>>> print(open('protein_10.cif').read())   # mmCIF, C-alpha atoms
data_data
#
loop_
_atom_site.label_atom_id
_atom_site.label_comp_id
_atom_site.auth_asym_id
_atom_site.auth_seq_id
_atom_site.Cartn_x
_atom_site.Cartn_y
_atom_site.Cartn_z
CA MET N 1 94.22 82.15 115.56
CA LEU N 2 91.71 79.48 116.59
CA LYS N 3 92.62 80.07 120.24
CA ILE N 4 91.98 83.81 119.90
CA LEU N 5 88.59 83.18 118.26
CA THR N 6 87.72 80.75 121.07
CA HIS N 7 88.53 83.39 123.69
CA LEU N 8 86.53 86.02 121.77
CA GLY N 9 83.53 83.70 121.65
CA LYS N 10 83.76 82.98 125.39
CA TYR N 11 84.15 86.73 126.06
CA PHE N 12 80.94 87.63 124.21
CA LEU N 13 79.07 84.75 125.83
CA MET N 14 80.26 86.09 129.18
CA LEU N 15 78.89 89.55 128.33
CA LYS N 16 75.52 88.00 127.47
CA GLU N 17 75.43 86.19 130.81
CA VAL N 18 76.43 89.35 132.75
CA PHE N 19 73.08 90.95 131.93
CA ASN N 20 70.97 87.84 132.64
CA LYS N 21 69.18 87.15 135.94
CA PRO N 22 70.17 90.43 137.62
CA LEU N 23 70.63 90.58 141.37
CA LYS N 24 68.12 92.51 143.50
CA TRP N 25 68.75 96.26 143.45
CA SER N 26 69.13 96.45 147.24
CA ALA N 27 72.10 94.06 147.08
CA MET N 28 73.45 95.38 143.76
CA LYS N 29 73.53 98.96 145.06
CA VAL N 30 75.97 98.01 147.83
CA LEU N 31 78.23 96.21 145.35
CA ILE N 32 78.22 99.17 142.94
CA PHE N 33 79.23 101.68 145.63
CA LYS N 34 82.02 99.36 146.75
CA GLU N 35 83.33 99.08 143.17
CA ILE N 36 83.17 102.88 142.72
CA ASP N 37 85.29 103.24 145.84
CA ASP N 38 87.81 100.59 144.75
CA LEU N 39 88.08 101.38 141.04
CA ILE N 40 87.43 105.14 140.74
CA ILE N 41 88.07 106.87 144.06
CA GLY N 42 91.00 104.57 144.79
CA SER N 43 92.64 105.67 141.53
CA LEU N 44 92.38 109.44 142.07
CA GLY N 45 95.83 109.77 143.62
CA ILE N 46 97.86 107.96 140.97
CA VAL N 47 95.93 109.55 138.09
CA GLY N 48 96.31 113.05 139.54
CA PHE N 49 100.04 112.61 140.23
CA ILE N 50 100.89 111.22 136.79
CA SER N 51 98.69 113.71 134.92
CA PHE N 52 100.18 116.77 136.62
CA PHE N 53 103.80 115.85 136.00
CA VAL N 54 103.37 114.46 132.49
CA GLY N 55 101.57 117.68 131.53
CA GLY N 56 104.59 119.56 132.86
CA VAL N 57 106.98 117.36 130.87
CA VAL N 58 104.99 117.93 127.65
CA SER N 59 105.14 121.68 128.22
CA ILE N 60 108.89 121.69 128.90
CA GLN N 61 109.74 119.44 125.95
CA THR N 62 107.67 121.61 123.62
CA ALA N 63 109.40 124.74 124.89
CA LEU N 64 112.88 123.23 124.50
CA ASN N 65 112.14 122.34 120.87
CA LEU N 66 111.02 125.85 119.93
CA THR N 67 114.46 126.96 118.75
CA ASN N 68 113.17 129.23 115.98
CA PRO N 69 112.46 132.72 117.39
CA LEU N 70 109.74 133.23 114.76
CA ILE N 71 107.58 130.50 116.32
CA PRO N 72 105.10 132.08 118.76
CA LYS N 73 105.42 131.14 122.44
CA ASP N 74 101.70 130.39 122.69
CA LEU N 75 102.45 127.15 120.80
CA ILE N 76 103.53 125.68 124.16
CA GLY N 77 100.02 125.99 125.57
CA PHE N 78 98.47 124.77 122.31
CA ALA N 79 100.68 121.67 122.13
CA THR N 80 100.08 120.85 125.80
CA ARG N 81 96.30 121.12 125.38
CA GLN N 82 96.21 118.98 122.25
CA SER N 83 98.51 116.30 123.68
CA VAL N 84 96.66 116.04 126.98
CA ILE N 85 93.09 116.11 125.64
CA LEU N 86 93.49 113.98 122.53
CA GLU N 87 95.84 111.24 123.66
CA PHE N 88 97.46 111.47 127.06
CA ALA N 89 94.39 111.67 129.30
CA PRO N 90 92.07 109.17 127.58
CA THR N 91 94.62 106.68 126.20
CA PHE N 92 97.81 106.83 128.26
CA ILE N 93 95.92 106.94 131.57
CA SER N 94 93.74 104.02 130.41
CA VAL N 95 96.84 101.91 129.74
CA ILE N 96 98.08 102.75 133.24
CA MET N 97 94.67 101.86 134.64
CA ALA N 98 94.88 98.52 132.82
CA GLY N 99 97.79 97.79 135.13
CA LYS N 100 96.24 99.14 138.31
CA VAL N 101 92.50 98.49 137.99
CA GLY N 102 92.76 95.58 135.56
CA SER N 103 95.20 93.63 137.72
CA PHE N 104 93.05 94.30 140.79
CA ILE N 105 89.90 93.02 139.06
CA THR N 106 91.62 89.90 137.69
CA SER N 107 93.31 89.02 140.97
CA SER N 108 90.18 89.58 143.08
CA ILE N 109 87.94 87.47 140.84
CA GLY N 110 90.71 84.92 140.28
CA THR N 111 91.16 84.53 144.03
CA MET N 112 87.44 83.89 144.38
CA ARG N 113 87.74 81.23 141.68
CA VAL N 114 90.70 79.56 143.40
CA THR N 115 88.99 79.56 146.81
CA GLU N 116 85.76 78.20 145.25
CA GLN N 117 83.69 81.23 146.28
CA ILE N 118 82.34 81.49 142.74
CA ASP N 119 81.24 77.86 142.87
CA ALA N 120 79.45 78.60 146.15
CA LEU N 121 77.57 81.52 144.52
CA GLU N 122 76.43 79.31 141.67
CA VAL N 123 75.31 76.56 144.08
CA MET N 124 73.11 79.17 145.81
CA GLY N 125 71.52 80.02 142.46
CA VAL N 126 73.21 83.42 142.07
CA ASN N 127 74.29 84.52 138.60
CA SER N 128 77.96 84.86 139.50
CA LEU N 129 78.86 86.87 136.39
CA ASN N 130 76.12 89.41 137.07
CA TYR N 131 77.18 89.53 140.73
CA LEU N 132 80.88 90.05 139.97
CA VAL N 133 81.08 91.89 136.64
CA PHE N 134 77.95 94.04 136.34
CA PRO N 135 78.81 96.31 139.34
CA LYS N 136 82.26 96.89 137.84
CA ILE N 137 80.76 97.95 134.50
CA ILE N 138 78.41 100.41 136.25
CA ALA N 139 81.22 101.75 138.45
CA MET N 140 83.40 102.37 135.38
CA LEU N 141 80.70 104.62 133.93
CA PHE N 142 82.22 107.19 136.32
CA TYR N 143 85.59 106.76 134.59
CA PRO N 144 85.09 109.91 132.42
CA PHE N 145 85.16 111.93 135.67
CA LEU N 146 88.66 110.55 136.29
CA ILE N 147 89.75 111.42 132.76
CA GLY N 148 88.26 114.92 133.04
CA LEU N 149 90.33 115.43 136.19
CA SER N 150 93.38 114.12 134.32
CA MET N 151 92.84 116.66 131.53
CA PHE N 152 92.57 119.54 134.00
CA LEU N 153 95.63 118.53 136.03
CA GLY N 154 97.67 117.80 132.89
CA ILE N 155 97.06 121.30 131.51
CA LEU N 156 97.58 122.83 134.97
CA GLY N 157 100.90 121.00 135.29
CA GLY N 158 101.89 122.24 131.82
CA TRP N 159 101.00 125.81 132.77
CA MET N 160 103.00 125.68 136.02
CA ALA N 161 106.02 124.09 134.34
CA GLY N 162 105.93 126.59 131.46
CA VAL N 163 105.39 129.72 133.57
CA TYR N 164 107.45 128.94 136.67
CA GLY N 165 110.15 127.24 134.62
CA GLY N 166 110.65 130.46 132.68
CA PHE N 167 109.71 128.96 129.29
CA SER N 168 106.57 131.05 128.76
CA ASN N 169 104.46 133.68 130.44
CA SER N 170 100.94 133.05 131.66
CA GLU N 171 99.24 135.15 128.97
CA ASP N 172 100.97 133.32 126.11
CA PHE N 173 100.24 129.91 127.59
CA ILE N 174 96.54 130.64 128.17
CA ARG N 175 96.26 132.14 124.67
CA GLY N 176 97.74 128.91 123.32
CA ILE N 177 95.19 126.84 125.25
CA GLN N 178 92.37 128.88 123.66
CA THR N 179 93.81 128.94 120.13
CA ASN N 180 91.81 126.96 117.52
CA PHE N 181 89.95 125.07 120.23
CA ILE N 182 87.57 122.46 118.75
CA PRO N 183 84.87 121.42 121.27
CA PHE N 184 84.36 118.09 119.47
CA HIS N 185 87.83 117.02 120.65
CA ILE N 186 86.43 116.85 124.19
CA THR N 187 83.49 114.75 122.94
CA TYR N 188 85.90 112.49 121.05
CA ALA N 189 88.03 112.02 124.17
CA PHE N 190 85.03 111.08 126.32
CA ILE N 191 83.65 108.67 123.70
CA LYS N 192 87.03 106.91 123.76
CA THR N 193 86.99 107.00 127.54
CA LEU N 194 83.64 105.20 127.78
CA VAL N 195 84.79 102.49 125.37
CA PHE N 196 88.03 102.06 127.32
CA ALA N 197 86.06 101.94 130.59
CA PHE N 198 84.01 99.01 129.27
CA LEU N 199 87.19 97.20 128.20
CA LEU N 200 88.82 97.88 131.58
CA ALA N 201 85.85 96.36 133.40
CA THR N 202 85.22 93.31 131.22
CA ILE N 203 88.54 91.98 129.86
CA PRO N 204 90.22 91.63 133.30
CA SER N 205 86.96 90.11 134.63
CA TYR N 206 87.04 87.54 131.83
CA HIS N 207 90.62 86.50 132.63
CA GLY N 208 89.89 86.29 136.34
CA PHE N 209 86.62 84.39 135.98
CA TYR N 210 87.85 81.71 133.58
CA MET N 211 91.33 81.18 135.06
CA LYS N 212 92.32 77.71 136.26
CA GLY N 213 94.89 76.61 138.80
CA GLY N 214 96.10 78.04 142.09
CA ALA N 215 97.67 81.17 143.52
CA LEU N 216 100.51 81.21 140.98
CA GLU N 217 98.03 81.18 138.08
CA VAL N 218 96.24 84.21 139.60
CA GLY N 219 99.43 86.24 139.09
CA LYS N 220 99.84 84.93 135.56
CA ALA N 221 96.22 85.74 134.74
CA SER N 222 96.74 89.32 136.01
CA THR N 223 99.72 89.74 133.69
CA VAL N 224 97.86 88.30 130.69
CA SER N 225 94.82 90.49 131.38
CA PHE N 226 97.03 93.61 131.51
CA VAL N 227 98.61 92.73 128.15
CA TRP N 228 95.31 92.02 126.38
CA THR N 229 93.52 95.01 127.91
CA SER N 230 96.36 97.28 126.75
CA VAL N 231 96.26 95.73 123.26
CA ALA N 232 92.47 96.24 123.08
CA ILE N 233 92.79 99.86 124.23
CA ILE N 234 95.45 100.65 121.61
CA LEU N 235 93.47 98.89 118.89
CA PHE N 236 90.19 100.66 119.71
CA ASN N 237 92.07 103.94 120.03
CA TYR N 238 93.15 103.59 116.40
CA ILE N 239 89.66 102.53 115.23
CA LEU N 240 87.86 105.34 117.07
CA THR N 241 90.36 107.95 115.93
CA GLN N 242 89.90 106.79 112.33
CA LEU N 243 86.10 106.88 112.66
CA LEU N 244 85.69 110.12 114.62
CA LEU N 245 88.52 112.41 113.50
CA SER N 246 89.39 111.42 109.93
CA LYS N 247 87.64 113.39 107.21
#
>>> encode(input="protein_10.cif", output="structure tokens")
Amino acid sequence: MLKILTHLGKYFLMLKEVFNKPLKWSAMKVLIFKEIDDLIIGSLGIVGFISFFVGGVVSIQTALNLTNPLIPKDLIGFATRQSVILEFAPTFISVIMAGKVGSFITSSIGTMRVTEQIDALEVMGVNSLNYLVFPKIIAMLFYPFLIGLSMFLGILGGWMAGVYGGFSNSEDFIRGIQTNFIPFHITYAFIKTLVFAFLLATIPSYHGFYMKGGALEVGKASTVSFVWTSVAIILFNYILTQLLLSK
């Protein structure tokens, strides 16, 4: 328990230092665009692929469980929409991104630590945490765009699987998507997404920045950062759901 509290304290001290002594905007702008390319644009393919096919799986599984003929077929579209918007897109994709983006962040910063590049930045008077972490936080502000795309492709995949798989017709599926739609669910999903984006940018950065050792420890730090980022995402998912959706 004491070890966890120590890490929490160091994490919050790191966040404080991230926003101190900011780099010049001309240099920071280049870093931010590079991080957007690495973290957001570089993740479009895997997010799109997973979202499309998982949406299809949700649709098929819902259809296969509708054994009672009295249950309307538009429930397939309704269940697909609710599953994708409320949990799959914001939470499941974020856990996957903890593996892809989180490991990349930890390994890249950890490699700089091992090769003493971070020490060189500090010798030159550069705030290394601001230089390394702040651009990642700003880049991850575009993460809701990725989740919005995931929502669209998940529902599209569900529609294609339901219609072309012969489980539903297009009219029933679209009617199910529109049934009892609550706009706040979209707001709730994007609030979660922004919180998860901050966790995805900062927790892996913490593990990479404060790691010790050589190349082997970089791999271990990447694994540990994935575990703790996933734990934080699941924990905050529960807290935010309790705060925003419970009545």
>>> resolve_selection(input="protein_10.cif", expression="the PyMOL selection byres ((chain N and resi 42-57) around 10)", output="VMD selection string")
chain N and resid 35 to 41 58 to 63 80 to 81 83 to 84 88 to 89 92 to 94 96 to 97 100 to 101 143 145 to 147 149 to 162 165
>>> closest_residue(input="protein_10.cif", among="N:Asn169, N:Thr229, N:Asn130, N:Ser26", to="Ala197 in chain N", atoms="all atoms listed in the file")
N:Thr229
>>> closest_residue(input="protein_10.cif", among="N:Arg113, N:Arg175, N:His207, N:Lys34", to="Lys220 in chain N", atoms="all atoms listed in the file")
N:His207
>>> atom_distance(input="protein_10.cif", atom1="CA of Lys212 in chain N", atom2="CA of Lys24 in chain N")
29.3 Å
>>> residues_around(input="protein_10.cif", residues="Trp228 in chain N", least_positions_apart="6", cutoff="12 Å", atoms="only C-alpha atoms", output="list in words")
Ile4, His7, Leu8, Val95, Ala98, Gly99, Gly102, Ser103, Leu199, Leu200, Thr202, Ile203, Pro204, Ser205, Tyr206, His207, Ala221, Ser222, Ile234 and Leu235 of chain N
>>> atom_distance(input="protein_10.cif", atom1="CA of Pro72 in chain N", atom2="CA of Gly176 in chain N")
9.2 Å
>>> closest_residue(input="protein_10.cif", among="N:Phe104, N:Phe19, N:Phe173, N:Phe198", to="Ala139 in chain N", atoms="all atoms listed in the file")
N:Phe198
>>> closest_residue(input="protein_10.cif", among="N:Thr193, N:Ser246, N:Asn127, N:Phe167", to="Ile233 in chain N", atoms="only C-alpha atoms")
N:Thr193
